[in-house]
Amino acid sequence: MKRLFALVISLLGITGLNAQEFSEYFQNKTLRIDYIFAGNSSNQFVALDELSQSDGWAGRRVNMAETPVRGNGDIKVIDPASGKILYCNSFSSLFQEWLTTDEAQKLTKSFEATFLVPFPKQNIIVETTLLDNEGKVQAKLSHEVNPQDKLIRQLPSEAATPHKYLLKNGTAEEKIDIAIIAEGYTAAEMDIFLKDAQTACDEIFRYEPFATMKERFNVVAVMSPSEQSNVSVPQDGVWKKSAVNSNFMTFYSPRYLTTNSVHMIHDCLTGIAYEHLIILANTDTYGGGGIYNSYTLTTAHNPLFKPVVVHEFGHSFGALADEYFYDEPDHTENFYKLDYEPWEQNISSLVDFNSKWADMLDKRTKIPTEPTEKRKKNYTVGVYEGGGYMTKGMYRPAVVCRMRDNVATQFCPVCQRAIERIIRYNTEQK
């Protein structure tokens, strides 16, 4: 597996900083960069909102200039003198998903985004690029950052919000740090939140490969209080004053729960070591959302809480696509096209199937693969039509998987491998 991961990275043709060079270019501090992504289906742009700094760097110190998957964009820290990439991370955003909706053809909107990079010792260039699903550039912003800039806001070193570790396996420098954030819980409901956060933590680490690689993670519960209990459910005419302003009806989909108050999320986490975010909503309404290297947001009191929080974390941490599909179109109908290979590792249009799970197929497996009763029961890897919201032309690796079904008891082998690659990328130098 390690050799395979190294091969994937080498094929990307990316070289740059290694862990030993971290102290040469960076301080043990974090540079928080707040952006606004804005535009419509025809024109998009990236605008810098604010820079701030905090003590400590919780992010990875290995594979600093590499990304395990392309995503829908990346942020690069570049040495101006040599052009060397000092740090790079990939991501997706709610803005780019919105661009595929009909609304984006007639309206211009803005969306918040926040990224954390290691704080430099000398001037750097930060280059932030948005890509469409095909990999074409939508927008790009390149700006210089002087670490001595008096307008870089100094954030408090003390935690802004009460918090409690649910899993502690080492220092923030050594481990992957997940923050679970309270949304829609009043100060009087924090005991409920802590129980819900522990449930989410326990559930995620029941699944492979998280279970086997559990010692590589820290998990902290962040008790951010809301003025009112529960969250906004516009389809029921309910609006609440909550910690991070989440609401259902994202893109007018009743079960899609997100927030555009991304800067507010990170404000809640000031003084806490974190890399990946899970937001738990205090509601029994079904729904959630997960955006790669942005956040997971899901409901804590719906009967399907456990499978949904794992599924959404598969998006935000594992860079996995939805494997389900619809007979009737909804806001996702224009999300993928069939003339290119999606960047997510668990779906394929077969344009470049060799870059996906072709190496995991039994040589006798037919493409496409018929979902026989035997295959339905044992997660056998195949090439099954239907995935990425599309009934035809898009393929998934298993009949049943946590990225498709709430009844699934595990991630399929392809998704497990994809998640393991992400974990190793964050914790092992290639």
# chains A, B, ... in the order shown; residues from 1 in each chain; ligands from 1
call {"tool": "select_by_dssp", "arguments": {"residues": "range 177-295 of chain A", "states": "helix (DSSP H, G or I)", "output": "number ranges by chain"}}
result
A: 187-204, 214-216, 234-236, 250-252, 262-268
call {"tool": "select_by_dssp", "arguments": {"residues": "range 112-354 of chain A", "states": "strand (DSSP E)", "output": "ChimeraX atom specification"}}
result
/A:112-120,124-131,137-145,153-154,163-167,176-183,217-222,276-281,288-291,295-299
call {"tool": "atom_distance", "arguments": {"atom1": "CA of Tyr207 in chain A", "atom2": "CA of Phe411 in chain A"}}
result
7.2 Å
call {"tool": "residues_around", "arguments": {"residues": "range 354-357 of chain A", "least_positions_apart": "3", "cutoff": "10 Å", "atoms": "only C-alpha atoms", "output": "PyMOL selection string"}}
result
chain A and resi 8+341-348+350-351+360-361+381-383+396-397+413-415+417-418
call {"tool": "closest_residue", "arguments": {"among": "A:Ile124, A:Ile422, A:Val244, A:Ile180", "to": "Ile78 in chain A", "atoms": "only C-alpha atoms"}}
result
A:Ile124
call {"tool": "atom_distance", "arguments": {"atom1": "CA of Tyr340 in chain A", "atom2": "CA of Gln96 in chain A"}}
result
17.3 Å
call {"tool": "closest_residue", "arguments": {"among": "A:Gly71, A:Asp236, A:Ala197, A:Gln105", "to": "Lys136 in chain A", "atoms": "only C-alpha atoms"}}
result
A:Gly71
call {"tool": "residues_around", "arguments": {"residues": "Ala221 in chain A", "least_positions_apart": "5", "cutoff": "12 Å", "atoms": "only C-alpha atoms", "output": "number ranges by chain"}}
result
A: 161-168, 177-183, 190-201, 268-269, 272-274, 277-280
call {"tool": "residues_around", "arguments": {"residues": "Lys109 in chain A", "least_positions_apart": "5", "cutoff": "7 Å", "atoms": "only C-alpha atoms", "output": "ChimeraX atom specification"}}
result
/A:38-40
call {"tool": "closest_residue", "arguments": {"among": "A:Asn293, A:Gln228, A:Gln410, A:Thr30", "to": "Phe210 in chain A", "atoms": "only C-alpha atoms"}}
result
A:Gln410
call {"tool": "atom_distance", "arguments": {"atom1": "CA of Ala65 in chain A", "atom2": "CA of Thr171 in chain A"}}
result
22.2 Å
call {"tool": "residues_around", "arguments": {"residues": "Met264 in chain A", "least_positions_apart": "5", "cutoff": "10 Å", "atoms": "only C-alpha atoms", "output": "list in words"}}
result
Glu112, Thr114, Ala243, Val244, Asn245, Thr259 and Leu269 of chain A
call {"tool": "residues_around", "arguments": {"residues": "Gly73 in chain A", "least_positions_apart": "4", "cutoff": "12 Å", "atoms": "only C-alpha atoms", "output": "count of residues only"}}
result
34
call {"tool": "closest_residue", "arguments": {"among": "A:Tyr324, A:Phe205, A:Phe111, A:Tyr379", "to": "Asp34 in chain A", "atoms": "only C-alpha atoms"}}
result
A:Phe111
call {"tool": "closest_residue", "arguments": {"among": "A:Met390, A:Val62, A:Ala398, A:Met403", "to": "Gly290 in chain A", "atoms": "only C-alpha atoms"}}
result
A:Met403
